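For reference, start_10.cif is printed below; it contains mmCIF, C-alpha atoms.
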data_final
#
loop_
_atom_site.label_atom_id
_atom_site.label_comp_id
_atom_site.auth_asym_id
_atom_site.auth_seq_id
_atom_site.Cartn_x
_atom_site.Cartn_y
_atom_site.Cartn_z
CA MET P 298 177.47 131.24 31.65
CA THR P 299 174.48 129.49 30.13
CA VAL P 300 171.17 131.33 30.34
CA LYS P 301 168.52 129.08 31.84
CA THR P 302 164.74 129.09 32.03
CA ILE P 303 163.57 129.51 35.63
CA SER P 304 160.05 128.35 36.51
CA LEU P 305 158.57 130.30 39.41
CA VAL P 306 156.13 127.48 40.21
CA GLU P 307 158.81 124.78 40.14
CA LYS P 308 161.14 126.86 42.31
CA HIS P 309 158.35 127.59 44.80
CA ALA P 310 157.72 123.83 45.12
CA LEU P 311 161.27 123.35 46.43
CA PHE P 312 160.72 124.91 49.86
CA SER P 313 158.01 125.48 52.43
CA GLU P 314 159.35 127.71 55.22
CA PRO P 315 157.53 131.04 55.45
CA TRP P 316 159.44 134.33 55.66
CA SER P 317 162.64 132.74 54.39
CA PRO P 318 163.53 134.37 51.06
CA LYS P 319 165.56 132.32 48.57
CA ARG P 320 167.63 133.86 45.77
CA ILE P 321 166.77 132.57 42.30
CA ALA P 322 168.64 135.11 40.15
CA THR P 323 170.57 138.35 40.22
CA VAL P 324 170.24 141.40 37.97
CA ASP P 325 173.41 143.46 38.43
CA ASP P 326 173.46 144.16 42.19
CA TYR P 327 169.82 143.25 42.68
CA GLU P 328 168.44 139.92 43.81
CA ILE P 329 165.32 138.18 42.57
CA LYS P 330 164.00 136.11 45.46
CA LEU P 331 161.08 133.83 46.21
CA ALA P 332 159.39 133.78 49.60
CA LYS P 333 156.33 132.36 51.30
CA ALA P 334 154.14 134.14 53.83
CA SER P 335 152.30 132.68 56.81
CA GLY P 336 150.69 134.77 59.53
CA ALA P 337 152.24 138.17 60.24
CA PHE P 338 155.80 139.35 59.66
CA ASP P 339 157.42 142.04 61.83
CA TRP P 340 156.95 145.76 61.32
CA HIS P 341 160.13 147.11 59.71
CA LYS P 342 161.55 149.46 57.13
CA HIS P 343 164.54 149.52 54.81
CA ASP P 344 166.18 152.93 55.12
CA GLU P 345 168.08 152.85 51.83
CA GLU P 346 166.29 150.41 49.53
CA ASP P 347 162.96 150.11 47.78
CA GLU P 348 161.38 146.65 47.80
CA LEU P 349 159.27 145.00 45.10
CA PHE P 350 156.59 142.44 45.99
CA VAL P 351 154.91 140.39 43.24
CA ILE P 352 152.25 137.85 44.21
CA ILE P 353 152.44 134.47 42.49
CA LYS P 354 149.80 132.64 44.53
CA GLY P 355 147.44 133.57 47.39
CA ILE P 356 146.68 136.91 48.99
CA LEU P 357 149.12 139.17 50.82
CA HIS P 358 148.09 142.13 52.94
CA ILE P 359 150.74 144.77 53.52
CA GLU P 360 150.06 147.08 56.45
CA ILE P 361 151.77 150.40 55.78
CA GLU P 362 152.42 153.19 58.26
CA GLY P 363 150.41 156.29 57.39
CA GLN P 364 148.06 154.79 54.83
CA ASP P 365 145.48 152.06 54.34
CA THR P 366 146.57 148.45 54.18
CA ILE P 367 146.98 147.22 50.63
CA VAL P 368 145.75 143.80 49.50
CA LEU P 369 147.60 141.99 46.72
CA GLY P 370 146.41 138.93 44.80
CA PRO P 371 148.03 136.80 42.09
CA GLY P 372 149.50 138.90 39.29
CA GLU P 373 149.51 142.01 41.45
CA MET P 374 152.56 143.86 42.76
CA CYS P 375 153.66 146.91 44.71
CA VAL P 376 156.85 148.73 45.59
CA ILE P 377 157.42 149.69 49.23
CA PRO P 378 159.60 152.82 49.05
CA LYS P 379 162.74 153.12 51.15
CA GLY P 380 162.05 154.41 54.66
CA VAL P 381 158.39 153.33 54.77
CA ARG P 382 157.48 151.10 57.72
CA HIS P 383 155.41 148.11 56.69
CA ARG P 384 154.25 144.69 57.85
CA PRO P 385 153.33 141.92 55.42
CA VAL P 386 150.54 139.61 56.64
CA ALA P 387 149.40 136.46 54.85
CA GLY P 388 145.77 136.63 53.72
CA THR P 389 145.56 132.98 52.71
CA GLU P 390 147.11 129.73 53.92
CA VAL P 391 149.51 129.61 50.95
CA VAL P 392 151.16 132.81 49.79
CA ASP P 393 153.91 132.55 47.17
CA LEU P 394 155.84 135.75 46.47
CA LEU P 395 158.53 137.09 44.21
CA LEU P 396 160.69 139.85 45.71
CA MET P 397 163.30 142.12 44.18
CA GLU P 398 165.63 144.30 46.18
CA LYS P 399 169.27 145.26 46.40
CA ARG P 400 171.83 142.62 47.35
CA GLY P 401 172.61 142.61 51.05
CA VAL P 402 169.28 143.95 52.31
CA THR P 403 168.28 142.38 55.63
CA ASN P 404 164.78 140.94 55.37
CA THR P 405 163.77 142.47 58.70
CA GLY P 406 165.23 145.88 57.81
CA ASP P 407 165.75 148.07 60.87
CA ASN P 408 164.72 145.18 63.13
CA PRO P 409 167.72 142.84 62.58
CA ASP P 410 167.50 141.25 66.04
CA SER P 411 164.12 139.77 65.14
CA ASP P 412 163.76 135.98 65.23
CA LEU P 413 162.59 136.37 61.62
CA THR P 414 165.95 137.64 60.35
CA GLN P 415 167.28 135.24 57.69
CA VAL P 416 170.47 134.75 55.72
CA ILE P 417 169.46 134.64 52.05
CA GLU P 418 170.51 131.45 50.25
CA ASP P 419 170.34 130.33 46.65
CA LEU P 420 167.44 128.12 45.68
CA MET W 159 153.76 158.82 48.41
CA THR W 160 150.93 156.35 48.67
CA VAL W 161 151.79 152.73 47.93
CA LYS W 162 149.41 151.32 45.33
CA THR W 163 148.47 147.89 44.10
CA ILE W 164 149.53 147.39 40.49
CA SER W 165 147.76 144.71 38.45
CA LEU W 166 149.95 143.28 35.70
CA VAL W 167 146.92 142.13 33.71
CA GLU W 168 145.13 145.48 33.97
CA LYS W 169 148.28 147.37 33.00
CA HIS W 170 148.89 145.06 30.04
CA ALA W 171 145.34 145.79 28.80
CA LEU W 172 146.23 149.49 28.45
CA PHE W 173 148.47 149.16 25.41
CA SER W 174 148.97 147.00 22.36
CA GLU W 175 152.17 148.06 20.55
CA PRO W 176 154.80 145.34 20.50
CA TRP W 177 158.42 146.03 21.50
CA SER W 178 157.47 149.26 23.27
CA PRO W 179 158.28 148.86 26.97
CA LYS W 180 156.24 150.90 29.45
CA ARG W 181 157.46 151.74 32.96
CA ILE W 182 155.06 150.68 35.72
CA ALA W 183 157.31 151.14 38.77
CA THR W 184 160.84 151.85 39.90
CA VAL W 185 162.93 150.08 42.54
CA ASP W 186 165.81 152.41 43.40
CA ASP W 187 167.51 153.00 40.02
CA TYR W 188 165.84 150.04 38.36
CA GLU W 189 162.72 150.09 36.25
CA ILE W 190 159.93 147.54 36.19
CA LYS W 191 158.46 147.59 32.70
CA LEU W 192 155.79 145.80 30.73
CA ALA W 193 156.22 144.95 27.07
CA LYS W 194 154.56 142.93 24.34
CA ALA W 195 156.31 140.85 21.71
CA SER W 196 155.29 140.23 18.11
CA GLY W 197 157.54 138.62 15.54
CA ALA W 198 161.28 139.05 15.99
CA PHE W 199 163.17 141.83 17.76
CA ASP W 200 166.69 142.87 16.70
CA TRP W 201 169.85 141.10 17.80
CA HIS W 202 171.49 143.25 20.47
CA LYS W 203 173.34 143.26 23.77
CA HIS W 204 173.54 145.53 26.79
CA ASP W 205 177.23 145.99 27.63
CA GLU W 206 176.75 147.11 31.22
CA GLU W 207 173.40 145.79 32.41
CA ASP W 208 171.72 142.46 33.06
CA GLU W 209 168.11 142.16 31.90
CA LEU W 210 165.28 140.21 33.52
CA PHE W 211 162.44 138.76 31.42
CA VAL W 212 159.33 137.34 33.13
CA ILE W 213 156.55 135.92 30.95
CA ILE W 214 153.00 136.88 31.95
CA LYS W 215 151.16 135.45 28.93
CA GLY W 216 152.18 133.56 25.78
CA ILE W 217 155.49 132.07 24.73
CA LEU W 218 158.75 133.94 24.16
CA HIS W 219 161.79 132.44 22.46
CA ILE W 220 165.10 134.12 23.19
CA GLU W 221 167.85 133.32 20.72
CA ILE W 222 171.19 133.66 22.50
CA GLU W 223 174.64 133.84 20.93
CA GLY W 224 176.71 130.80 21.80
CA GLN W 225 173.98 128.61 23.24
CA ASP W 226 170.63 127.02 22.43
CA THR W 227 167.54 129.21 22.16
CA ILE W 228 165.53 129.25 25.36
CA VAL W 229 161.75 129.02 25.38
CA LEU W 230 159.79 130.77 28.15
CA GLY W 231 156.12 130.32 29.00
CA PRO W 232 153.83 131.97 31.57
CA GLY W 233 155.40 132.06 35.03
CA GLU W 234 158.86 131.48 33.63
CA MET W 235 161.77 133.92 33.62
CA CYS W 236 165.41 134.33 32.71
CA VAL W 237 168.20 136.85 33.14
CA ILE W 238 170.25 137.79 30.08
CA PRO W 239 173.67 138.72 31.48
CA LYS W 240 175.37 141.94 30.43
CA GLY W 241 177.34 141.59 27.22
CA VAL W 242 175.39 138.60 25.88
CA ARG W 243 173.91 139.10 22.41
CA HIS W 244 170.32 137.96 22.19
CA ARG W 245 167.17 138.25 20.09
CA PRO W 246 163.69 137.83 21.56
CA VAL W 247 161.15 136.28 19.17
CA ALA W 248 157.44 135.91 19.91
CA GLY W 249 156.31 132.28 20.00
CA THR W 250 152.61 133.09 20.14
CA GLU W 251 150.36 135.83 18.79
CA VAL W 252 150.08 137.48 22.20
CA VAL W 253 153.15 137.71 24.41
CA ASP W 254 152.93 139.80 27.58
CA LEU W 255 156.20 140.38 29.41
CA LEU W 256 157.56 141.97 32.57
CA LEU W 257 161.08 143.34 32.31
CA MET W 258 163.45 144.70 34.91
CA GLU W 259 166.65 146.53 34.14
CA LYS W 260 168.59 149.61 35.13
CA ARG W 261 167.09 153.02 34.41
CA GLY W 262 168.32 154.51 31.15
CA VAL W 263 169.01 151.26 29.33
CA THR W 264 168.21 151.51 25.60
CA ASN W 265 165.86 148.70 24.59
CA THR W 266 167.93 147.94 21.49
CA GLY W 267 171.22 147.97 23.43
CA ASP W 268 174.23 148.36 21.15
CA ASN W 269 171.92 148.81 18.16
CA PRO W 270 170.42 152.22 19.03
CA ASP W 271 169.85 153.26 15.41
CA SER W 272 167.33 150.45 15.00
CA ASP W 273 163.76 151.38 14.07
CA LEU W 274 162.80 149.46 17.21
CA THR W 275 164.53 151.88 19.60
CA GLN W 276 161.95 153.36 21.97
CA VAL W 277 161.80 156.07 24.60
CA ILE W 278 160.42 154.44 27.74
CA GLU W 279 157.27 156.11 29.09
CA ASP W 280 155.17 155.59 32.19
CA LEU W 281 152.08 153.46 31.83
#
Turn this file's structure into structure tokens for me.
Amino acid sequence: MTVKTISLVEKHALFSEPWSPKRIATVDDYEIKLAKASGAFDWHKHDEEDELFVIIKGILHIEIEGQDTIVLGPGEMCVIPKGVRHRPVAGTEVVDLLLMEKRGVTNTGDNPDSDLTQVIEDL
Amino acid sequence: MTVKTISLVEKHALFSEPWSPKRIATVDDYEIKLAKASGAFDWHKHDEEDELFVIIKGILHIEIEGQDTIVLGPGEMCVIPKGVRHRPVAGTEVVDLLLMEKRGVTNTGDNPDSDLTQVIEDL
């Protein structure tokens, strides 16, 4: 397998749908994904998996049960621990994200019947 | 545990030693680390673990056994698959990196007696 350079900006230019994570790489059993935010996502939690958010462009608010909302800008990141209910909300019109979590995680967590539930595809 | 915003730029300003990865977060059994490059690292491989490189600032060359060297700039990334021998080489004076790999991985891989082997500490 040839190792390739992956440009986050170029990959983000390939899609526009919000809340529809796309896989760009795997690290062992973990997936590196890109996603865009627009408006509010659903409240949810992942019972067994931590989730990394890294902001590439724009502002993302993450409402978190039991604590103050956090606000993330470009070059900022956070990890939502397993079991913690949260709701990402776009803070700007364009929000480009990088996510990392275990393969097979449902994007809507414990709320799989949500209209926002997506099958993750390669970008 | 309170979820916190982590600034990659602010964290990178806290240290200066090259080739000395610092842990800034964990995602399940995986570590998110920051590192700086200067000159050439050692040739090595990780037999059991893939390794993610994301460039925050500067240019990083990664020489890879069996293929052309790849060149990564800011906002670019690659995954070095398990078992693939590689050697990162700084392409600029300042090179700020984000790494992600499984907890417990030795930075020098199959070359643990190298002077470059480091214990990973929290930043």
Explicit residue set for the PyMOL selection byres ((chain W) within 9 of (chain P)), as a count of residues only: 40
Do you know which residues are at most 10 Å from Leu420 in chain P counting only C-alpha atoms, after dropping those on the same chain fewer than 5 positions away, and could you put them as JSON, numbers by chain? {"P": [308, 309, 311, 312, 318, 319, 320, 321, 322, 330, 331]}
The distance between CA of Gly336 in chain P and CA of Gly380 in chain P is 23.2 Å
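Straight-line separation from CA of Arg400 in chain P to CA of Ser313 in chain P: 22.6 Å.
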Quick one: which residues end up in the PyMOL selection byres ((chain W and resi 178) around 12) for this structure, as a ChimeraX atom specification? /W:170,173-177,179-181,191-196,199,254-257,264-266,273-281
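The space separating CA of Ser411 in chain P from CA of Thr389 in chain P comes to 23.3 Å.
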Any chance you could work out the residue set of the PyMOL selection byres ((chain P and resi 386) around 7) here, as a list in words?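 Taken on the displayed file, the PyMOL selection byres ((chain P and resi 386) around 7) yields the residues Gly336, Ala337, Phe338, Leu357, His358, Ile359, Arg384, Pro385, Ala387 and Gly388 of chain P.
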Which residues, written as a PyMOL selection string, have at least one atom at most 7 Å from His341 in chain P, with all atoms listed in the file counted and residues fewer than 5 positions away on the same chain left out? chain P and resi 382-384+405-408
With N, CA, C and O atoms as the target, complete range 307-325 of chain P and hand it back as a tab-separated table (two decimals), in the coordinates of the input.
chain	number	residue	atom	x	y	z
P	307	GLU	N	157.91	125.88	39.76
P	307	GLU	CA	158.81	124.78	40.14
P	307	GLU	C	159.74	125.18	41.28
P	307	GLU	O	159.99	124.40	42.20
P	308	LYS	N	160.24	126.40	41.24
P	308	LYS	CA	161.14	126.86	42.31
P	308	LYS	C	160.37	126.97	43.63
P	308	LYS	O	160.89	126.62	44.70
P	309	HIS	N	159.14	127.45	43.56
P	309	HIS	CA	158.35	127.59	44.80
P	309	HIS	C	158.04	126.22	45.43
P	309	HIS	O	157.84	126.14	46.63
P	310	ALA	N	158.02	125.17	44.59
P	310	ALA	CA	157.72	123.83	45.12
P	310	ALA	C	158.89	123.23	45.89
P	310	ALA	O	158.75	122.21	46.55
P	311	LEU	N	160.06	123.91	45.83
P	311	LEU	CA	161.27	123.35	46.43
P	311	LEU	C	161.43	123.69	47.91
P	311	LEU	O	162.36	123.20	48.56
P	312	PHE	N	160.58	124.56	48.44
P	312	PHE	CA	160.72	124.91	49.86
P	312	PHE	C	159.36	125.23	50.45
P	312	PHE	O	158.38	125.44	49.73
P	313	SER	N	159.31	125.24	51.77
P	313	SER	CA	158.01	125.48	52.43
P	313	SER	C	158.07	126.48	53.57
P	313	SER	O	157.03	126.96	54.00
P	314	GLU	N	159.25	126.82	54.07
P	314	GLU	CA	159.35	127.71	55.22
P	314	GLU	C	158.85	129.11	54.87
P	314	GLU	O	159.31	129.69	53.89
P	315	PRO	N	157.97	129.66	55.69
P	315	PRO	CA	157.53	131.04	55.45
P	315	PRO	C	158.63	132.03	55.87
P	315	PRO	O	159.51	131.70	56.67
P	316	TRP	N	158.57	133.21	55.28
P	316	TRP	CA	159.44	134.33	55.66
P	316	TRP	C	160.92	133.95	55.57
P	316	TRP	O	161.72	134.37	56.39
P	317	SER	N	161.25	133.17	54.56
P	317	SER	CA	162.64	132.74	54.39
P	317	SER	C	163.01	132.89	52.91
P	317	SER	O	163.01	131.91	52.16
P	318	PRO	N	163.31	134.12	52.49
P	318	PRO	CA	163.53	134.37	51.06
P	318	PRO	C	164.71	133.57	50.50
P	318	PRO	O	165.73	133.40	51.17
P	319	LYS	N	164.53	133.09	49.28
P	319	LYS	CA	165.56	132.32	48.57
P	319	LYS	C	165.89	133.05	47.28
P	319	LYS	O	164.99	133.42	46.53
P	320	ARG	N	167.18	133.18	46.99
P	320	ARG	CA	167.63	133.86	45.77
P	320	ARG	C	167.50	132.93	44.58
P	320	ARG	O	168.01	131.81	44.63
P	321	ILE	N	166.85	133.40	43.51
P	321	ILE	CA	166.77	132.57	42.30
P	321	ILE	C	167.53	133.19	41.14
P	321	ILE	O	167.79	132.51	40.14
P	322	ALA	N	167.90	134.46	41.25
P	322	ALA	CA	168.64	135.11	40.15
P	322	ALA	C	169.15	136.45	40.66
P	322	ALA	O	168.69	136.97	41.69
P	323	THR	N	170.13	136.99	39.95
P	323	THR	CA	170.57	138.35	40.22
P	323	THR	C	170.52	139.15	38.92
P	323	THR	O	170.72	138.62	37.83
P	324	VAL	N	170.23	140.43	39.07
P	324	VAL	CA	170.24	141.40	37.97
P	324	VAL	C	171.16	142.52	38.43
P	324	VAL	O	170.77	143.32	39.30
P	325	ASP	N	172.39	142.54	37.92
P	325	ASP	CA	173.41	143.46	38.43
P	325	ASP	C	173.52	143.25	39.95
P	325	ASP	O	173.74	142.13	40.38
